[in-house]
Each structure stands twice: as C-alpha cells, then as structure tokens.
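Visitor: Questions regarding the structure given below will be posed in turn.
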Amino acid sequence: DSAINRIAAGEVVERPASAVKELVENAIDAGATRISIDIADGGKTLIRVSDDGCGIAPEDLPLALSRHATSKIDGSDLLNIHTFGFRGEALPSLGAVGRLNITSRVPGGEAAMIRVAGGVMDPVKPAALRAGTVVELRDLFFATPARLKFMRTDRAESQAITDTIKRLAMAEPALGFTLRDVSGGGEGRITFRADGENGDLFDALHARLGRILGREFAENALRIDATREDIRLFGYAALPTYSRGAAVAQYLFVNGRPVRDKMLTGALRAAYFDFLSRDRHPAAALFIDCEPTLVDVNVHPAKSEVRFRDPGIPRGLIVSALRHALAEAGH
Ligand code: ADP
Ligand code: MG
C-alpha cells in the first residue's frame, strides 16, 4: 500500500542527508572501492550515488525495491547484523517519497534499469552501464509535501550531506569518495574528495583523518587500541592541547557505523575531564567493534543510535584507554 509506504518512508528518510547515508551504505555493502556522490540543490532535486560494487541482476531489481526484501539477512538472525543494511527499507522508502532510478550491472551480465516514483514501479528495461550501480533520486519528498516544509536551506542540507560523507569516509579509509555539487548542471564542483588510503588499519585511518580533520589533528592525535571483554576500542584521540575552540570534532562508530550516542560522548568527556575546560570538547575519532549480539543498532530506523547490552563496558573502556594514552603522553 503506497500510503503506508510513504508514512514508513518518513521514518527512514528524514532529509537528503539520510537518503545519502542509506545509498552510500548500500554501495559499501556491495563491496565498492570507489563511490561518487552528485547532489543538486542540497540534495532536494538530485542525489546520485555511483559505485563499482557487485551490481544487481536485472531480475533482482524489482525485488530490491520491495519492502523488507533484503539480500543481507535471512530473517531469523535479526541480532546478528554485520552489514550496514539489514531492514530492506531504504530503497522502497526512497521510491515512495521521490523519483528513484536504479541502473545496475553485474559482472558478465547485461545492464538494466528500473524506475519508481511515488511508490509506482515501472518494468525493468535494458540500459547502458559499464559496471556497478548508479542510484539516482530526484525530487525527494515530491510525493509528501508535508515533509518538504521541514527541509532547510540548500546550504544547510548540503552541509549535512558533506558531514554524512565525511563520517562514512572515516569509517572506510580504504575506499575512495568524491562528492560533487552539480547544481545548475555541467561538470559541477567537487566539494569533498578522498582517494582510498593505503596501509594497515591505523595508517589508513590516520591518513584519512588528516585529510578530513586537518594535519593539525593528525599531528596531535594519540593512537588508541584497547580491548575489554571482547569489545575493542581503536582510533585516534587528540591531545588536550589541540584546540578547535568551541567546534565539536567527535566521531564515534560502532561496528563500522557512524553513531551519535550520549553515553559514548559522555565517556569521552569524562576521560578528558581533568584536562579540558568546560567550553572545550575533546576531539576524537573512535571505533568500537564487538559481537553484533552485544549491541542493538536497530533502535531507530535511521540507525544512528545504539544500545549496548552492558553500557558499563564500553564506557569504562573509553575512559581507561584514553586516560592511559593521555598519561603516556605526559598528561
Ligand atoms: P538493505 O540495505 O537493508 O538490504 P535496501 O532497501 O537499502 O535494503 O536495499 C535493498 C537491496 O538492494 C539490498 O539488500 C541489495 O541486495 C540491493 N542493493 C541496493 N543498493 C545496492 C548497490 N549499490 N549495489 C548492489 N546491490 C544493491
Ligand atoms: Mg540499505
């Protein structure tokens, strides 16, 4: 039922940046190594995500647009979530609230495309594409005018998209990302670019953080790597002397997903409590990896909240690992 789809869609897709997040996560899940994102008018009129991932076979295109059809989970295993996507909701939701066009090709197969607008699907047609997948979303929320009213300025929506891409690019330092603003047509203007970084986990992450947060962050970053009760914390945290003034540079990830979580940011603050005045925020990019069964990332469809089975463990781990690193650095 397309009305129900549109209501559910509003839960998954709040604004252009949430659509970008879903599409880029799909590209990452598809094993892409390079992901290009083109946007126009803050993503309101166009979001186009192109990847060099595994592609979708023509016969699977309609399935990809069906609610709760996901190739990533068998249904009996909702707690064991390893990939980004697990609900099979993003594409049907986007197809319900905008004009969605998917062109794709699997290796050795023929390219095909499918179109859906306002929840109405056209049949699959042959198309031209060398490899991978291009998902084009035009006129987001044209089918839900109430949502349109909540959109902010093009500038604010573009900023939110850039922030989303930067977070995803931190979580995937080996992948290449290009974000282009194509408002007004033509080649457009590159607003963010990071080629895939080389080296091991820490080298690649360090290079990627330098590119995104700046050389000064990278030069003042302490390497963090600690494990407690099967929960691993790693990443980089800045020396208290590194100051971004009042700007917040806190990036937290759980099992590779960007999250915003009060408990985790509270732990970060607690670790720096003796070293930072109240108006300054510790800068860090930290990753928590654990068994998927120890954490619930399904709290909200937009998937940025998390709930740990035992929050004391990640909290204690952050505080002790950061205090230890700060002490070793002479604080
Ligand atoms: P989910 O990611 O939760 O599985 P989505 O609605 O986001 O649900 O996507 C539905 C399905 O479409 C995915 O399970 C996947 O099989 C396929 N798919 C979507 N995007 C891509 C892509 N960029 N490359 C390959 N397959 C894709
Ligand atoms: Mg998905």
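Labeling convention for the structure tokens: chains A, B, ... as they appear, residues from 1 per chain, ligands from 1 in order of appearance.
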Find the residues of region 227-325 of chain A that sit at most 9 Å from region 149-171 of chain A; for each, write down the nearest two atoms and how far apart they are in Å, to one decimal. Count only C-alpha atoms. Sort by chain, then by number going up, and give it as CSV.
Guide:
```
residue,atom,partner,partner_atom,distance
A:Tyr251,CA,A:Arg167,CA,7.1
A:Leu252,CA,A:Arg167,CA,8.8
A:Phe253,CA,A:Ala171,CA,7.3
A:Gly256,CA,A:Ala171,CA,5.8
A:Arg257,CA,A:Ala171,CA,7.1
A:Pro258,CA,A:Arg167,CA,6.3
A:Ala285,CA,A:Met170,CA,8.1
A:Phe287,CA,A:Ala171,CA,8.2
```
Visitor: Selection from above, N, CA and C atoms, as a short mmCIF file (atom, residue, chain, number, x, y, z; two decimals), in the first residue's frame, can you write it?
Guide:
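result.cif, freshly written:
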```cif
data_model
loop_
_atom_site.label_atom_id
_atom_site.label_comp_id
_atom_site.auth_asym_id
_atom_site.auth_seq_id
_atom_site.Cartn_x
_atom_site.Cartn_y
_atom_site.Cartn_z
N TYR A 251 33.81 11.92 16.54
CA TYR A 251 33.27 10.97 15.57
C TYR A 251 33.33 9.59 16.19
N LEU A 252 32.18 9.00 16.38
CA LEU A 252 32.10 7.71 17.05
C LEU A 252 31.43 6.70 16.13
N PHE A 253 31.95 5.48 16.17
CA PHE A 253 31.46 4.43 15.27
C PHE A 253 31.29 3.15 16.07
N GLY A 256 31.53 -0.16 12.69
CA GLY A 256 31.69 0.49 11.40
C GLY A 256 30.62 1.51 11.05
N ARG A 257 29.58 1.63 11.88
CA ARG A 257 28.53 2.59 11.59
C ARG A 257 28.74 3.88 12.38
N PRO A 258 28.60 5.02 11.71
CA PRO A 258 28.62 6.28 12.46
C PRO A 258 27.43 6.32 13.43
N ALA A 285 38.27 10.44 16.94
CA ALA A 285 37.55 9.54 16.04
C ALA A 285 37.79 8.14 16.58
N PHE A 287 36.46 4.04 17.26
CA PHE A 287 35.67 2.93 16.73
C PHE A 287 35.51 1.86 17.81
#
```
Visitor: Give me, as a tab-separated table, each residue of chain A that comes within 10 Å of ligand 1, together with its shortest interatomic pair and the distance in Å at one decimal, counting only C-alpha atoms and all ligand atoms, with rows ordered by chain and rising residue number.
Guide:
```
residue	atom	partner	partner_atom_place_in_ligand_line	distance
A:Ala19	CA	ligand 1	7 (O)	9.8
A:Lys21	CA	ligand 1	7 (O)	9.9
A:Glu22	CA	ligand 1	7 (O)	6.2
A:Leu23	CA	ligand 1	20 (N)	6.5
A:Val24	CA	ligand 1	23 (N)	7.4
A:Glu25	CA	ligand 1	2 (O)	7.4
A:Asn26	CA	ligand 1	20 (N)	4.5
A:Ala27	CA	ligand 1	23 (N)	4.0
A:Ile28	CA	ligand 1	23 (N)	7.5
A:Asp29	CA	ligand 1	24 (N)	7.3
A:Ala30	CA	ligand 1	24 (N)	4.7
A:Gly31	CA	ligand 1	24 (N)	8.0
A:Ala32	CA	ligand 1	24 (N)	8.0
A:Ile35	CA	ligand 1	23 (N)	9.4
A:Val49	CA	ligand 1	23 (N)	7.9
A:Ser50	CA	ligand 1	23 (N)	7.5
A:Asp51	CA	ligand 1	23 (N)	6.3
A:Asp52	CA	ligand 1	24 (N)	8.2
A:Gly53	CA	ligand 1	24 (N)	5.7
A:Cys54	CA	ligand 1	25 (C)	5.5
A:Gly55	CA	ligand 1	25 (C)	4.3
A:Ile56	CA	ligand 1	26 (N)	5.0
A:Ala57	CA	ligand 1	26 (N)	8.7
A:Asp60	CA	ligand 1	16 (O)	7.9
A:Leu61	CA	ligand 1	12 (O)	7.4
A:Pro62	CA	ligand 1	12 (O)	9.1
A:Leu63	CA	ligand 1	11 (C)	7.4
A:Ala64	CA	ligand 1	12 (O)	4.0
A:Leu65	CA	ligand 1	6 (O)	6.4
A:Ser66	CA	ligand 1	6 (O)	7.7
A:Arg67	CA	ligand 1	6 (O)	7.3
A:His68	CA	ligand 1	8 (O)	7.2
A:Ala69	CA	ligand 1	10 (C)	6.2
A:Thr70	CA	ligand 1	14 (O)	3.7
A:Ser71	CA	ligand 1	14 (O)	3.9
A:Lys72	CA	ligand 1	14 (O)	5.3
A:Ile73	CA	ligand 1	4 (O)	7.6
A:Thr83	CA	ligand 1	2 (O)	8.2
A:Phe84	CA	ligand 1	2 (O)	6.6
A:Gly85	CA	ligand 1	2 (O)	3.4
A:Phe86	CA	ligand 1	3 (O)	3.8
A:Arg87	CA	ligand 1	3 (O)	4.0
A:Gly88	CA	ligand 1	8 (O)	3.1
A:Glu89	CA	ligand 1	6 (O)	4.4
A:Ala90	CA	ligand 1	6 (O)	3.8
A:Leu91	CA	ligand 1	6 (O)	3.8
A:Pro92	CA	ligand 1	6 (O)	5.9
A:Ser93	CA	ligand 1	6 (O)	7.6
A:Leu94	CA	ligand 1	6 (O)	8.5
A:Gly95	CA	ligand 1	6 (O)	9.6
A:Ile102	CA	ligand 1	20 (N)	8.6
A:Thr103	CA	ligand 1	23 (N)	9.5
A:Ser104	CA	ligand 1	24 (N)	7.6
A:Arg105	CA	ligand 1	25 (C)	8.9
A:Val106	CA	ligand 1	25 (C)	8.6
A:Gly132	CA	ligand 1	24 (N)	6.7
A:Thr133	CA	ligand 1	23 (N)	5.2
A:Val134	CA	ligand 1	23 (N)	7.0
A:Val135	CA	ligand 1	23 (N)	7.1
```
Visitor: List as a list in words the protein and nucleic acid residues near Tyr242 (chain A), meaning an atom at most 10 Å away when only C-alpha atoms are counted, but skip any in the same chain fewer than 3 places from it.
Guide: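 Listing them by chain and then by number gives Glu216, Phe217, Glu219, Asn220, Ala221, Ala237, Ala238, Leu239, Gly245, Pro282 and Ala283 of chain A.
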Visitor: Would you put the residues from that selection into a file with N, CA and C atoms, as a compact mmCIF listing (two decimals), in the first residue's frame?
Guide:
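Contents of out19.txt, as written:
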```txt
# COMPACT_ATOMS: atom_id res chain seq x y z
N GLU A 216 46.73 19.29 11.56
CA GLU A 216 46.96 19.59 12.97
C GLU A 216 46.34 18.52 13.86
N PHE A 217 45.16 18.05 13.49
CA PHE A 217 44.56 16.97 14.26
C PHE A 217 45.46 15.74 14.20
N GLU A 219 48.59 15.42 13.64
CA GLU A 219 49.85 15.58 14.36
C GLU A 219 49.67 15.53 15.87
N ASN A 220 48.47 15.82 16.33
CA ASN A 220 48.20 15.84 17.78
C ASN A 220 47.39 14.64 18.24
N ALA A 221 47.30 13.63 17.37
CA ALA A 221 46.41 12.51 17.68
C ALA A 221 47.15 11.37 18.36
N ALA A 237 42.64 9.94 19.31
CA ALA A 237 42.07 10.99 20.16
C ALA A 237 43.12 12.09 20.28
N ALA A 238 42.69 13.33 20.20
CA ALA A 238 43.64 14.44 20.19
C ALA A 238 44.16 14.76 21.58
N LEU A 239 45.39 15.26 21.63
CA LEU A 239 45.92 15.79 22.88
C LEU A 239 45.04 16.94 23.36
N GLY A 245 38.78 25.24 19.44
CA GLY A 245 37.88 26.22 20.03
C GLY A 245 36.62 25.54 20.50
N PRO A 282 36.72 17.46 23.73
CA PRO A 282 37.79 16.60 23.22
C PRO A 282 37.52 16.24 21.76
N ALA A 283 38.60 16.19 20.95
CA ALA A 283 38.46 15.81 19.55
C ALA A 283 38.92 14.36 19.39
```
Visitor: At what distance in Å, to one decimal, does CA of Gly316 (chain A) lie from CA of Gly210 (chain A)?
Guide: 27.5 Å
Visitor: Could you state the separation of CA of Gly196 (chain A) and CA of Phe177 (chain A) in Å, given to one decimal place?
Guide: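 A separation of 7.7 Å between them.
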Visitor: Could you check how far CA of Ala204 (chain A) sits from CA of Tyr236 (chain A), in Å to one decimal?
Guide: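 We find that CA of Ala204 (chain A) and CA of Tyr236 (chain A) lie 11.9 Å from each other.
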Visitor: Tell me, as a list in words, which residues lie within 8 Å of Glu291 (chain A), counting only C-alpha atoms; anything in the same chain fewer than 3 positions away does not count.
Guide: Asp230, Ile231, Leu294 and Val295 of chain A
